[in-house]
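Pasting my_file16.csv here (CSV, C-alpha atoms):
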chain,number,residue,atom,x,y,z
A,1,MET,CA,61.0,-211.3,-102.4
A,2,SER,CA,58.0,-212.9,-100.7
A,3,HIS,CA,55.6,-211.0,-98.6
A,4,LEU,CA,56.8,-212.7,-95.4
A,5,GLN,CA,60.4,-211.9,-96.2
A,6,MET,CA,59.5,-208.2,-96.7
A,7,LEU,CA,57.6,-208.1,-93.4
A,8,SER,CA,60.5,-209.6,-91.5
A,9,ARG,CA,62.8,-206.8,-92.7
A,10,ILE,CA,60.7,-204.0,-91.0
A,11,PRO,CA,61.9,-203.3,-87.5
A,12,ARG,CA,59.6,-204.6,-84.7
A,13,PRO,CA,58.3,-201.4,-83.1
A,14,LEU,CA,57.2,-200.0,-86.5
A,15,ARG,CA,55.3,-203.1,-87.3
A,16,THR,CA,53.3,-202.9,-84.1
A,17,LEU,CA,52.5,-199.2,-84.8
A,18,GLU,CA,51.2,-199.9,-88.3
A,19,ARG,CA,49.1,-202.8,-87.0
A,20,GLY,CA,47.5,-200.5,-84.4
A,21,MET,CA,46.6,-197.8,-87.0
A,22,ALA,CA,45.1,-200.4,-89.3
A,23,GLN,CA,43.0,-201.8,-86.5
A,24,SER,CA,41.6,-198.4,-85.5
A,25,GLN,CA,40.6,-197.6,-89.1
A,26,GLY,CA,39.2,-201.1,-89.5
A,27,TRP,CA,37.2,-200.6,-86.3
A,28,VAL,CA,35.2,-197.7,-87.9
A,29,THR,CA,34.7,-199.6,-91.2
A,30,ARG,CA,33.7,-202.8,-89.4
A,31,TYR,CA,31.2,-200.9,-87.2
A,32,PHE,CA,29.7,-199.3,-90.2
A,33,LYS,CA,29.4,-202.6,-92.1
A,34,ALA,CA,27.9,-204.3,-89.1
A,35,PHE,CA,25.4,-201.5,-88.7
A,36,CYS,CA,24.3,-201.7,-92.4
A,37,LYS,CA,24.0,-205.4,-92.2
A,38,GLY,CA,21.9,-205.3,-89.0
A,39,PHE,CA,19.8,-202.5,-90.4
A,40,PHE,CA,19.0,-204.3,-93.7
A,41,VAL,CA,18.1,-207.4,-91.8
A,42,ALA,CA,16.1,-205.9,-88.9
A,43,VAL,CA,14.0,-203.4,-90.8
A,44,PRO,CA,12.5,-205.7,-93.4
A,45,VAL,CA,11.9,-208.4,-90.9
A,46,ALA,CA,10.2,-206.0,-88.5
A,47,VAL,CA,8.1,-204.4,-91.2
A,48,THR,CA,7.0,-207.8,-92.6
A,49,PHE,CA,6.1,-208.9,-89.1
A,50,LEU,CA,4.0,-205.9,-88.4
A,51,ASP,CA,2.3,-206.1,-91.8
A,52,ARG,CA,1.7,-209.9,-92.0
A,53,VAL,CA,1.6,-211.3,-88.5
A,54,ALA,CA,0.4,-208.9,-85.8
A,55,CYS,CA,0.5,-205.4,-84.7
A,56,VAL,CA,-1.0,-203.2,-82.0
A,57,ALA,CA,-3.3,-200.2,-82.3
A,58,ARG,CA,-5.2,-197.8,-80.2
A,59,VAL,CA,-9.0,-197.6,-80.6
A,60,GLU,CA,-10.6,-194.2,-80.8
A,61,GLY,CA,-14.2,-193.3,-80.9
A,62,ALA,CA,-17.4,-194.7,-79.3
A,63,SER,CA,-18.8,-196.8,-82.1
A,64,MET,CA,-17.9,-200.1,-80.4
A,65,GLN,CA,-19.1,-199.3,-76.8
A,66,PRO,CA,-19.4,-201.2,-74.5
A,67,SER,CA,-17.0,-203.8,-75.9
A,68,LEU,CA,-14.2,-201.3,-76.7
A,69,ASN,CA,-13.6,-197.9,-75.2
A,70,PRO,CA,-16.3,-198.0,-72.5
A,71,GLY,CA,-14.6,-195.0,-70.8
A,72,GLY,CA,-14.9,-192.8,-73.8
A,73,SER,CA,-12.0,-190.4,-74.5
A,74,GLN,CA,-10.5,-190.8,-70.9
A,75,SER,CA,-8.9,-194.1,-71.6
A,76,SER,CA,-8.6,-195.6,-75.1
A,77,ASP,CA,-8.2,-199.3,-75.4
A,78,VAL,CA,-5.2,-200.7,-77.1
A,79,VAL,CA,-6.0,-203.9,-79.0
A,80,LEU,CA,-3.8,-206.6,-80.6
A,81,LEU,CA,-4.5,-206.9,-84.3
A,82,ASN,CA,-3.9,-210.3,-85.8
A,83,HIS,CA,-3.2,-210.2,-89.6
A,84,TRP,CA,-2.2,-213.8,-89.8
A,85,LYS,CA,-5.8,-215.0,-89.1
A,86,VAL,CA,-7.3,-213.1,-92.0
A,87,ARG,CA,-4.6,-213.8,-94.6
A,88,LYS,CA,-7.1,-216.0,-96.5
A,89,PHE,CA,-10.0,-213.6,-95.8
A,90,GLU,CA,-11.7,-216.1,-93.5
A,91,VAL,CA,-13.9,-214.3,-90.9
A,92,GLN,CA,-16.8,-215.5,-88.8
A,93,ARG,CA,-20.0,-213.7,-87.8
A,94,GLY,CA,-19.3,-211.9,-84.5
A,95,ASP,CA,-15.5,-211.3,-85.1
A,96,ILE,CA,-14.3,-207.8,-84.4
A,97,VAL,CA,-12.2,-206.7,-87.4
A,98,SER,CA,-10.3,-203.7,-88.5
A,99,LEU,CA,-10.7,-202.6,-92.2
A,100,VAL,CA,-9.8,-199.8,-94.5
A,101,SER,CA,-12.7,-197.3,-94.4
A,102,PRO,CA,-14.5,-197.3,-97.8
A,103,LYS,CA,-15.2,-193.6,-97.5
A,104,ASN,CA,-11.7,-192.6,-96.5
A,105,PRO,CA,-8.8,-194.8,-97.6
A,106,GLU,CA,-6.4,-193.1,-95.1
A,107,GLN,CA,-8.4,-194.3,-92.1
A,108,LYS,CA,-8.9,-197.7,-90.5
A,109,ILE,CA,-12.1,-198.5,-88.8
A,110,ILE,CA,-12.9,-201.3,-86.3
A,111,LYS,CA,-16.3,-203.0,-86.3
A,112,ARG,CA,-18.0,-206.3,-85.7
A,113,VAL,CA,-18.8,-208.7,-88.6
A,114,ILE,CA,-22.6,-209.2,-88.6
A,115,ALA,CA,-23.2,-211.0,-91.8
A,116,LEU,CA,-21.2,-212.9,-94.5
A,117,GLU,CA,-21.8,-213.2,-98.2
A,118,GLY,CA,-25.2,-214.6,-99.1
A,119,ASP,CA,-26.8,-213.5,-95.8
A,120,ILE,CA,-29.9,-211.3,-95.7
A,121,VAL,CA,-29.6,-208.6,-93.0
A,122,LYS,CA,-32.3,-206.4,-91.5
A,123,THR,CA,-30.7,-203.0,-91.5
A,124,ILE,CA,-30.9,-200.1,-89.0
A,125,GLY,CA,-31.1,-196.8,-90.8
A,126,HIS,CA,-30.1,-198.0,-94.2
A,127,LYS,CA,-32.0,-196.8,-97.3
A,128,ASN,CA,-33.2,-200.4,-97.9
A,129,ARG,CA,-34.9,-202.4,-95.1
A,130,TYR,CA,-33.4,-205.7,-96.1
A,131,VAL,CA,-30.1,-206.2,-97.8
A,132,LYS,CA,-28.6,-209.3,-99.3
A,133,VAL,CA,-24.8,-209.3,-98.9
A,134,PRO,CA,-23.1,-209.8,-102.3
A,135,ARG,CA,-20.4,-212.3,-103.0
A,136,GLY,CA,-17.0,-211.3,-101.6
A,137,HIS,CA,-18.5,-208.7,-99.2
A,138,ILE,CA,-19.4,-208.6,-95.5
A,139,TRP,CA,-21.7,-206.5,-93.4
A,140,VAL,CA,-20.1,-204.8,-90.4
A,141,GLU,CA,-21.7,-202.8,-87.6
A,142,GLY,CA,-20.4,-201.1,-84.5
A,143,ASP,CA,-21.9,-202.3,-81.2
A,144,HIS,CA,-23.1,-198.8,-80.3
A,145,HIS,CA,-25.9,-198.4,-82.8
A,146,GLY,CA,-26.7,-194.8,-83.8
A,147,HIS,CA,-23.1,-193.7,-83.0
A,148,SER,CA,-21.4,-195.8,-85.5
A,149,PHE,CA,-20.4,-195.1,-89.1
A,150,ASP,CA,-20.8,-198.7,-90.5
A,151,SER,CA,-22.5,-200.7,-93.1
A,152,ASN,CA,-25.8,-199.1,-92.2
A,153,SER,CA,-24.3,-195.9,-93.8
A,154,PHE,CA,-22.1,-197.2,-96.6
A,155,GLY,CA,-23.5,-200.7,-97.3
A,156,PRO,CA,-21.7,-204.0,-97.5
A,157,VAL,CA,-17.9,-203.8,-97.7
A,158,SER,CA,-15.6,-205.8,-99.9
A,159,LEU,CA,-13.5,-208.5,-98.2
A,160,GLY,CA,-10.4,-207.0,-99.9
A,161,LEU,CA,-10.6,-204.0,-97.5
A,162,LEU,CA,-10.1,-206.4,-94.5
A,163,HIS,CA,-7.1,-205.4,-92.5
A,164,ALA,CA,-6.9,-207.5,-89.4
A,165,HIS,CA,-8.8,-209.4,-86.7
A,166,ALA,CA,-8.8,-207.8,-83.2
A,167,THR,CA,-8.2,-210.7,-80.8
A,168,HIS,CA,-7.2,-209.2,-77.4
A,169,ILE,CA,-7.3,-206.0,-75.4
A,170,LEU,CA,-3.8,-205.3,-74.2
A,171,TRP,CA,-4.2,-201.9,-72.3
A,172,PRO,CA,-5.3,-200.7,-69.8
A,173,PRO,CA,-4.2,-203.7,-67.7
A,174,GLU,CA,-7.5,-203.9,-65.8
A,175,ARG,CA,-9.2,-204.5,-69.2
A,176,TRP,CA,-6.9,-207.4,-70.3
A,177,GLN,CA,-9.2,-209.9,-72.0
A,178,LYS,CA,-9.7,-212.0,-75.1
A,179,LEU,CA,-12.3,-210.5,-77.4
A,180,GLU,CA,-15.0,-213.0,-78.0
A,181,SER,CA,-16.7,-213.5,-81.4
A,182,VAL,CA,-20.3,-213.1,-80.1
A,183,LEU,CA,-23.1,-212.0,-82.3
A,184,PRO,CA,-25.8,-210.2,-80.4
A,185,PRO,CA,-29.0,-212.3,-80.9
A,186,GLU,CA,-31.1,-209.4,-82.2
A,187,ARG,CA,-28.5,-208.9,-85.0
A,188,LEU,CA,-28.6,-212.5,-86.4
A,189,PRO,CA,-29.1,-212.5,-90.1
A,190,VAL,CA,-32.6,-213.1,-91.3
A,191,GLN,CA,-31.4,-215.8,-93.6
A,192,SER,CA,-27.9,-217.2,-93.9
A,193,GLU,CA,-26.4,-219.3,-96.7
A,194,LYS,CA,-23.0,-220.2,-95.0
A,195,GLU,CA,-22.9,-222.2,-91.8
A,196,SER,CA,-20.9,-220.5,-89.0
A,197,LEU,CA,-18.1,-222.7,-87.6
A,198,HIS,CA,-19.2,-221.8,-84.0
A,199,GLY,CA,-22.6,-223.4,-84.6
A,200,SER,CA,-25.7,-221.3,-84.8
A,201,PRO,CA,-28.8,-222.1,-82.7
B,1,MET,CA,6.8,-227.8,-87.7
B,2,PHE,CA,10.2,-228.6,-89.0
B,3,PHE,CA,12.4,-227.3,-86.1
B,4,PRO,CA,11.4,-229.1,-82.9
B,5,GLY,CA,11.0,-232.4,-84.8
B,6,SER,CA,14.4,-232.3,-86.3
B,7,LEU,CA,16.0,-231.2,-82.9
B,8,ALA,CA,14.3,-234.1,-81.1
B,9,THR,CA,15.4,-236.6,-83.8
B,10,THR,CA,18.9,-235.3,-83.6
B,11,LEU,CA,19.1,-235.7,-79.9
B,12,LYS,CA,17.7,-239.2,-80.1
B,13,ILE,CA,20.2,-240.2,-82.7
B,14,GLU,CA,23.0,-238.9,-80.6
B,15,CYS,CA,22.0,-241.0,-77.6
B,16,ILE,CA,21.7,-244.1,-79.7
B,17,VAL,CA,25.1,-243.4,-81.3
B,18,GLU,CA,26.7,-242.9,-77.8
B,19,GLN,CA,25.3,-246.2,-76.6
B,20,THR,CA,26.2,-248.4,-79.6
B,21,TYR,CA,29.4,-247.0,-81.0
B,22,GLY,CA,32.8,-246.2,-79.5
B,23,PRO,CA,34.2,-242.7,-78.8
B,24,TRP,CA,35.6,-242.1,-82.3
B,25,TRP,CA,32.2,-242.7,-84.0
B,26,GLN,CA,30.6,-240.5,-81.3
B,27,SER,CA,32.7,-237.5,-82.0
B,28,LEU,CA,32.3,-237.9,-85.8
B,29,HIS,CA,28.5,-238.1,-85.6
B,30,ARG,CA,28.3,-235.2,-83.2
B,31,THR,CA,30.3,-232.9,-85.5
B,32,MET,CA,28.4,-234.0,-88.5
B,33,LEU,CA,25.0,-233.5,-86.9
B,34,ARG,CA,26.0,-230.2,-85.4
B,35,GLY,CA,27.3,-229.1,-88.8
B,36,ILE,CA,24.1,-230.1,-90.5
B,37,LEU,CA,22.0,-228.4,-87.9
B,38,GLY,CA,24.0,-225.2,-88.1
B,39,LYS,CA,23.7,-225.2,-91.9
B,40,THR,CA,19.9,-225.8,-91.6
B,41,PHE,CA,19.5,-222.9,-89.2
B,42,ARG,CA,21.5,-220.6,-91.4
B,43,LEU,CA,19.6,-221.6,-94.5
B,44,VAL,CA,16.3,-220.9,-92.8
B,45,GLY,CA,17.6,-217.6,-91.5
B,46,TYR,CA,18.6,-216.5,-95.0
B,47,THR,CA,15.3,-217.6,-96.4
B,48,ILE,CA,13.3,-215.6,-93.8
B,49,GLN,CA,15.5,-212.6,-94.4
B,50,TYR,CA,15.1,-212.6,-98.2
B,51,ALA,CA,11.4,-213.3,-97.9
B,52,CYS,CA,11.0,-210.2,-95.7
B,53,ILE,CA,13.0,-208.1,-98.1
B,54,ALA,CA,10.9,-209.4,-101.0
B,55,HIS,CA,7.7,-208.6,-99.1
B,56,CYS,CA,8.8,-205.0,-98.4
B,57,ALA,CA,9.8,-204.6,-102.0
B,58,PHE,CA,6.5,-205.8,-103.5
B,59,GLU,CA,4.4,-204.0,-100.9
B,60,TYR,CA,6.1,-200.6,-100.8
B,61,VAL,CA,8.0,-200.3,-104.1
B,62,GLY,CA,6.6,-202.4,-106.9
B,63,GLY,CA,7.1,-205.5,-108.9
B,64,VAL,CA,6.6,-207.3,-112.1
B,65,VAL,CA,3.2,-208.7,-113.0
B,66,MET,CA,1.8,-210.9,-115.7
B,67,CYS,CA,-1.6,-209.9,-116.9
B,68,SER,CA,-4.2,-212.3,-118.3
B,69,GLY,CA,-7.5,-211.7,-120.0
B,70,PRO,CA,-8.7,-209.6,-122.9
B,71,SER,CA,-10.3,-206.7,-121.0
B,72,MET,CA,-7.4,-204.3,-121.6
B,73,GLU,CA,-6.8,-204.8,-125.3
B,74,PRO,CA,-5.2,-203.3,-127.3
B,75,THR,CA,-3.1,-201.6,-124.6
B,76,ILE,CA,-2.3,-204.8,-122.7
B,77,GLN,CA,-2.8,-208.2,-124.4
B,78,ASN,CA,-3.2,-211.6,-122.8
B,79,SER,CA,0.0,-212.9,-121.1
B,80,ASP,CA,1.8,-209.6,-121.2
B,81,ILE,CA,4.4,-208.8,-118.6
B,82,VAL,CA,4.3,-205.3,-117.1
B,83,CYS,CA,5.9,-203.4,-114.2
B,84,ALA,CA,3.8,-202.1,-111.4
B,85,GLU,CA,4.7,-199.5,-108.8
B,86,ASN,CA,3.0,-199.0,-105.4
B,87,LEU,CA,4.4,-195.6,-104.5
B,88,SER,CA,1.4,-193.8,-106.1
B,89,ARG,CA,-1.0,-195.7,-104.1
B,90,HIS,CA,0.7,-194.9,-100.8
B,91,PHE,CA,1.0,-191.2,-101.6
B,92,TYR,CA,-2.5,-191.0,-103.0
B,93,GLY,CA,-1.2,-190.0,-106.5
B,94,ILE,CA,-3.5,-192.1,-108.7
B,95,GLN,CA,-4.9,-190.0,-111.5
B,96,ARG,CA,-7.5,-190.3,-114.2
B,97,GLY,CA,-6.2,-192.4,-117.1
B,98,ASP,CA,-3.8,-194.5,-115.0
B,99,ILE,CA,-3.9,-198.2,-115.4
B,100,VAL,CA,-4.1,-199.8,-111.9
B,101,ILE,CA,-4.1,-203.3,-110.4
B,102,ALA,CA,-6.8,-203.7,-107.8
B,103,LYS,CA,-8.2,-206.5,-105.7
B,104,SER,CA,-11.4,-207.8,-107.3
B,105,PRO,CA,-14.4,-206.5,-105.3
B,106,SER,CA,-16.2,-209.9,-105.5
B,107,ASP,CA,-13.1,-212.1,-104.9
B,108,PRO,CA,-10.4,-210.7,-102.7
B,109,LYS,CA,-7.9,-213.3,-103.7
B,110,SER,CA,-7.8,-212.3,-107.3
B,111,ASN,CA,-6.6,-209.1,-109.0
B,112,ILE,CA,-8.1,-207.0,-111.7
B,113,CYS,CA,-6.3,-204.7,-114.1
B,114,LYS,CA,-8.3,-201.7,-115.3
B,115,ARG,CA,-8.0,-198.0,-116.2
B,116,VAL,CA,-9.1,-195.3,-113.8
B,117,ILE,CA,-11.9,-193.3,-115.6
B,118,GLY,CA,-13.1,-191.2,-112.7
B,119,LEU,CA,-12.0,-190.2,-109.2
B,120,GLU,CA,-14.3,-189.4,-106.3
B,121,GLY,CA,-16.8,-186.6,-107.1
B,122,ASP,CA,-16.5,-187.1,-110.9
B,123,LYS,CA,-19.6,-187.3,-113.0
B,124,ILE,CA,-19.5,-190.6,-115.0
B,125,LEU,CA,-21.5,-191.6,-118.0
B,126,THR,CA,-22.9,-195.0,-116.9
B,127,SER,CA,-25.3,-195.8,-119.7
B,128,ARG,CA,-24.4,-198.0,-122.6
B,129,PRO,CA,-23.9,-196.4,-126.0
B,130,SER,CA,-26.9,-198.2,-127.3
B,131,ASP,CA,-29.2,-196.6,-124.7
B,132,PHE,CA,-31.3,-193.6,-125.9
B,133,PHE,CA,-31.4,-191.9,-122.5
B,134,LYS,CA,-28.0,-191.2,-121.1
B,135,SER,CA,-27.6,-191.7,-117.4
B,136,HIS,CA,-24.9,-190.1,-115.3
B,137,ASN,CA,-23.7,-190.9,-111.8
B,138,TYR,CA,-21.3,-189.3,-109.4
B,139,VAL,CA,-18.4,-191.4,-108.1
B,140,PRO,CA,-18.8,-191.5,-104.2
B,141,THR,CA,-16.1,-190.3,-101.8
B,142,GLY,CA,-13.3,-192.8,-101.3
B,143,HIS,CA,-14.1,-194.7,-104.6
B,144,VAL,CA,-12.8,-194.8,-108.2
B,145,TRP,CA,-14.5,-195.8,-111.4
B,146,LEU,CA,-12.6,-198.4,-113.3
B,147,GLU,CA,-13.1,-199.5,-116.9
B,148,GLY,CA,-11.2,-201.8,-119.2
B,149,ASP,CA,-10.0,-200.5,-122.6
B,150,ASN,CA,-11.8,-203.3,-124.4
B,151,LEU,CA,-15.3,-202.0,-123.6
B,152,GLN,CA,-17.1,-204.9,-125.3
B,153,ASN,CA,-15.3,-207.6,-123.3
B,154,SER,CA,-14.7,-206.2,-119.8
B,155,THR,CA,-16.4,-206.7,-116.5
B,156,ASP,CA,-15.6,-203.5,-114.7
B,157,SER,CA,-17.3,-200.7,-112.7
B,158,ARG,CA,-20.2,-200.7,-115.3
B,159,TYR,CA,-21.0,-204.1,-113.9
B,160,TYR,CA,-20.0,-204.0,-110.1
B,161,GLY,CA,-20.1,-200.3,-109.4
B,162,PRO,CA,-17.5,-197.9,-108.1
B,163,VAL,CA,-14.5,-199.6,-106.5
B,164,PRO,CA,-13.1,-198.4,-103.0
B,165,TYR,CA,-9.7,-196.7,-103.3
B,166,GLY,CA,-8.4,-199.1,-100.5
B,167,LEU,CA,-8.6,-202.0,-103.0
B,168,ILE,CA,-6.1,-200.5,-105.4
B,169,ARG,CA,-2.7,-202.3,-105.1
B,170,GLY,CA,-0.5,-200.4,-107.6
B,171,ARG,CA,-0.2,-198.6,-110.8
B,172,ILE,CA,1.1,-200.1,-114.0
B,173,PHE,CA,3.4,-197.9,-116.0
B,174,PHE,CA,5.7,-199.9,-118.2
B,175,LYS,CA,5.4,-203.0,-120.3
B,176,ILE,CA,8.4,-205.3,-120.6
B,177,TRP,CA,7.1,-208.3,-122.7
B,178,PRO,CA,6.5,-208.8,-125.6
B,179,LEU,CA,9.6,-206.9,-126.7
B,180,SER,CA,7.8,-205.6,-129.8
B,181,ASP,CA,5.6,-203.6,-127.4
B,182,PHE,CA,8.3,-202.6,-124.9
B,183,GLY,CA,7.9,-199.2,-123.3
B,184,PHE,CA,5.4,-196.9,-121.5
B,185,LEU,CA,1.7,-197.6,-121.9
B,186,ARG,CA,-0.5,-195.7,-124.3
B,187,ASP,CA,-3.4,-193.5,-123.3
B,188,SER,CA,-7.0,-194.8,-123.4
B,189,PRO,CA,-8.2,-195.6,-126.9
B,190,ASN,CA,-11.8,-194.7,-125.9
B,191,GLY,CA,-11.4,-190.9,-125.5
B,192,HIS,CA,-12.8,-189.2,-122.4
B,193,ARG,CA,-15.9,-190.8,-120.9
B,194,SER,CA,-16.7,-188.2,-118.3
B,195,PRO,CA,-18.3,-184.9,-119.4
B,196,GLY,CA,-16.7,-181.6,-118.4
B,197,ASP,CA,-13.1,-183.0,-118.6
So that I can check it, write out the structure of this file as structure tokens.
Amino acid sequence: MSHLQMLSRIPRPLRTLERGMAQSQGWVTRYFKAFCKGFFVAVPVAVTFLDRVACVARVEGASMQPSLNPGGSQSSDVVLLNHWKVRKFEVQRGDIVSLVSPKNPEQKIIKRVIALEGDIVKTIGHKNRYVKVPRGHIWVEGDHHGHSFDSNSFGPVSLGLLHAHATHILWPPERWQKLESVLPPERLPVQSEKESLHGSP
Amino acid sequence: MFFPGSLATTLKIECIVEQTYGPWWQSLHRTMLRGILGKTFRLVGYTIQYACIAHCAFEYVGGVVMCSGPSMEPTIQNSDIVCAENLSRHFYGIQRGDIVIAKSPSDPKSNICKRVIGLEGDKILTSRPSDFFKSHNYVPTGHVWLEGDNLQNSTDSRYYGPVPYGLIRGRIFFKIWPLSDFGFLRDSPNGHRSPGD
């Protein structure tokens, strides 16, 4: 006997009841399946986006005053961190970058790039007066000299520790701005091997 | 970019089709193009989804790596295929004697594969065996001292100094090729290089 012939022998009200029960069980299973499918699509895409494209972070500390956190601990700036720009480890002098701290791998620090590989910098408070930045390294400093734990303390940092490029301040709204890659003129390297794309005087 | 260009071309082709051909041809072209567009979007969607899952797997769990170079012989030969896991790095569980993959300090785009000889605070023998006066150094905080097993033919921390912990990508724990050497990796053939171990 075919499936259709069997179905036609069941009285009509019973068929409707069975279909209703199957639908309510199917509703739970379908919801669960849709949830799993959405979860396994949304979570990896979101994590990849935050790791590879851009994320947002709050700046703490006074080492980058007055560019970041001029109000001290009252109001911390929230910056947009752009990972996509540094995917090939290309940075310019004057960029504000976030990197993994060489002294504490659990912490990220945000500083300005002062010199690239091959440059000779005049240091402030470092054990050597002049330092040549080795290949694959950069020299970073906070804008607030004296209150900054930067390359003047731990020397040049490897480019592999680079995390992201801070491009904009997003919060508080009165401080909305694009962060410019300016190098203070007194911190220009003494001698530079690589030409900066922005053009140096 | 692929998307806007293809959409503009599709719309242009549809207009030309409407002007030149009759209604039967119009409906055929419209369904064909919409079918192709739909398939393209779906393919791109799946590619993005699988790429993201692959990124999460390689970044947070681990992956398969092919090693090249003689610096870890005899433990890992040239062109061996090994499994690396990233969980130890994220939970800060890297120990002395582990073989790790790290970004090269002088070239962030390439990776190095060495053994951890000392963690932060350890006293490391940094002089060569041929030197008469032995010199020791302490590994600074947040850094590790890496050395290859093939001491004669390895550029490692003896050359470029201690490596920041943040450069470590993962820990190698299993070799899968060649099959004659399948299994967990051996301990260092060089004995212990740090005094007071």
Chain B near chain A within 7 Å: what's each residue's closest atom pair and its distance in Å to one decimal, counting all atoms listed in the file, ordered by chain then ascending residue number, as a Markdown table?
| residue | atom | partner | partner_atom | distance |
| --- | --- | --- | --- | --- |
| B:Gln49 | CA | A:Val41 | CA | 6.4 |
| B:Cys52 | CA | A:Val45 | CA | 5.2 |
| B:Ile53 | CA | A:Pro44 | CA | 5.3 |
| B:His55 | CA | A:Thr48 | CA | 6.6 |
| B:Cys56 | CA | A:Pro44 | CA | 6.3 |
| B:Lys103 | CA | A:Gly160 | CA | 6.2 |
| B:Pro105 | CA | A:Ser158 | CA | 5.6 |
| B:Ser106 | CA | A:Gly136 | CA | 4.2 |
| B:Asp107 | CA | A:Gly136 | CA | 5.2 |
| B:Pro108 | CA | A:Gly160 | CA | 4.6 |
| B:Thr141 | CA | A:Lys103 | CA | 5.5 |
| B:Gly142 | CA | A:Lys103 | CA | 4.3 |
| B:Pro164 | CA | A:Pro102 | CA | 5.5 |
| B:Tyr165 | CA | A:Pro105 | CA | 6.1 |
| B:Gly166 | CA | A:Pro105 | CA | 5.2 |
| B:Leu167 | CA | A:Gly160 | CA | 6.2 |
Residue contacts of Ala115 (chain A) (10 Å, only C-alpha atoms) excluding same-chain residues fewer than 6 positions away, as a CSV table (one decimal) with C-alpha atoms, in the coordinates of the input:
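Once written, selection_7.csv looks like this:
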chain,number,residue,atom,x,y,z
A,91,VAL,CA,-13.9,-214.3,-90.9
A,92,GLN,CA,-16.8,-215.5,-88.8
A,93,ARG,CA,-20.0,-213.7,-87.8
A,94,GLY,CA,-19.3,-211.9,-84.5
A,121,VAL,CA,-29.6,-208.6,-93.0
A,132,LYS,CA,-28.6,-209.3,-99.3
A,133,VAL,CA,-24.8,-209.3,-98.9
A,137,HIS,CA,-18.5,-208.7,-99.2
A,138,ILE,CA,-19.4,-208.6,-95.5
A,139,TRP,CA,-21.7,-206.5,-93.4
A,140,VAL,CA,-20.1,-204.8,-90.4
A,141,GLU,CA,-21.7,-202.8,-87.6
A,156,PRO,CA,-21.7,-204.0,-97.5
A,183,LEU,CA,-23.1,-212.0,-82.3
A,187,ARG,CA,-28.5,-208.9,-85.0
A,188,LEU,CA,-28.6,-212.5,-86.4
A,189,PRO,CA,-29.1,-212.5,-90.1
A,190,VAL,CA,-32.6,-213.1,-91.3
A,191,GLN,CA,-31.4,-215.8,-93.6
A,192,SER,CA,-27.9,-217.2,-93.9
A,194,LYS,CA,-23.0,-220.2,-95.0
Around all the atoms of region 79-82 of chain A listed in the file, with 5 Å of room on each side, what axis-aligned box do you get, giving centre and edge lengths in Å to one decimal, as AutoDock Vina command-line options?
--center_x -4.9 --center_y -207.1 --center_z -82.4 --size_x 12.2 --size_y 16.4 --size_z 16.8
Neighbours of Ala164 (chain A) within 6 Å (only C-alpha atoms; same-chain residues fewer than 5 positions away dropped), as a short mmCIF file (atom, residue, chain, number, x, y, z; two decimals) with C-alpha atoms, keeping the file's coordinate frame?
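The result, stored in around07.cif:
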data_model
loop_
_atom_site.label_atom_id
_atom_site.label_comp_id
_atom_site.auth_asym_id
_atom_site.auth_seq_id
_atom_site.Cartn_x
_atom_site.Cartn_y
_atom_site.Cartn_z
CA LEU A 81 -4.50 -206.90 -84.30
CA ASN A 82 -3.90 -210.30 -85.80
CA HIS A 83 -3.20 -210.20 -89.60
CA VAL A 97 -12.20 -206.70 -87.40
CA SER A 98 -10.30 -203.70 -88.50
#
Please compute the CA of Thr31 (chain B)-CA of Val44 (chain B) distance, one decimal, in Å. 19.8 Å
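Going from CA of Thr126 (chain B) over to CA of Asp149 (chain B), you cover 15.1 Å.
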Mind pulling up the distance from CA of His165 (chain A) to CA of Ile101 (chain B)?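 For CA of Ile101 (chain B) relative to CA of His165 (chain A), the distance reads 24.9 Å.
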Sel. within 7 Å of pt (-5.0, -202.8, -80.7), counting only C-alpha atoms, output as an MDAnalysis selection string: chainID A and resid 56:59 78:81 166 169
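Minimum distance to Ile176 (chain B) across B:Ile36, B:Leu43, B:Met72, B:Ile81 (counting all atoms listed in the file) occurs at B:Ile81.
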Give me the residues near Val116 (chain B) as number ranges by chain, where near means some atom within 8 Å (using only C-alpha atoms) and where sequence neighbours in that chain fewer than 5 positions away do not count. B: 95-100, 144-147
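Minimum atom-to-atom distances from B:Ile168, B:Met66, B:Ile48, B:Ala57 to His90 (chain B) were compared using only C-alpha atoms, and the lowest value belongs to B:Ile168.
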Within 12 Å of region 63-69 of chain A using all atoms listed in the file, minus same-chain residues under 6 positions, as a PyMOL selection string: chain A and resi 75-79+95-98+109-113+140-150+166-172+175-182+184
Neighbours of Ser68 (chain B) within 10 Å (all atoms listed in the file; same-chain residues fewer than 5 positions away dropped), as a ChimeraX atom specification? /B:76-81,112-113
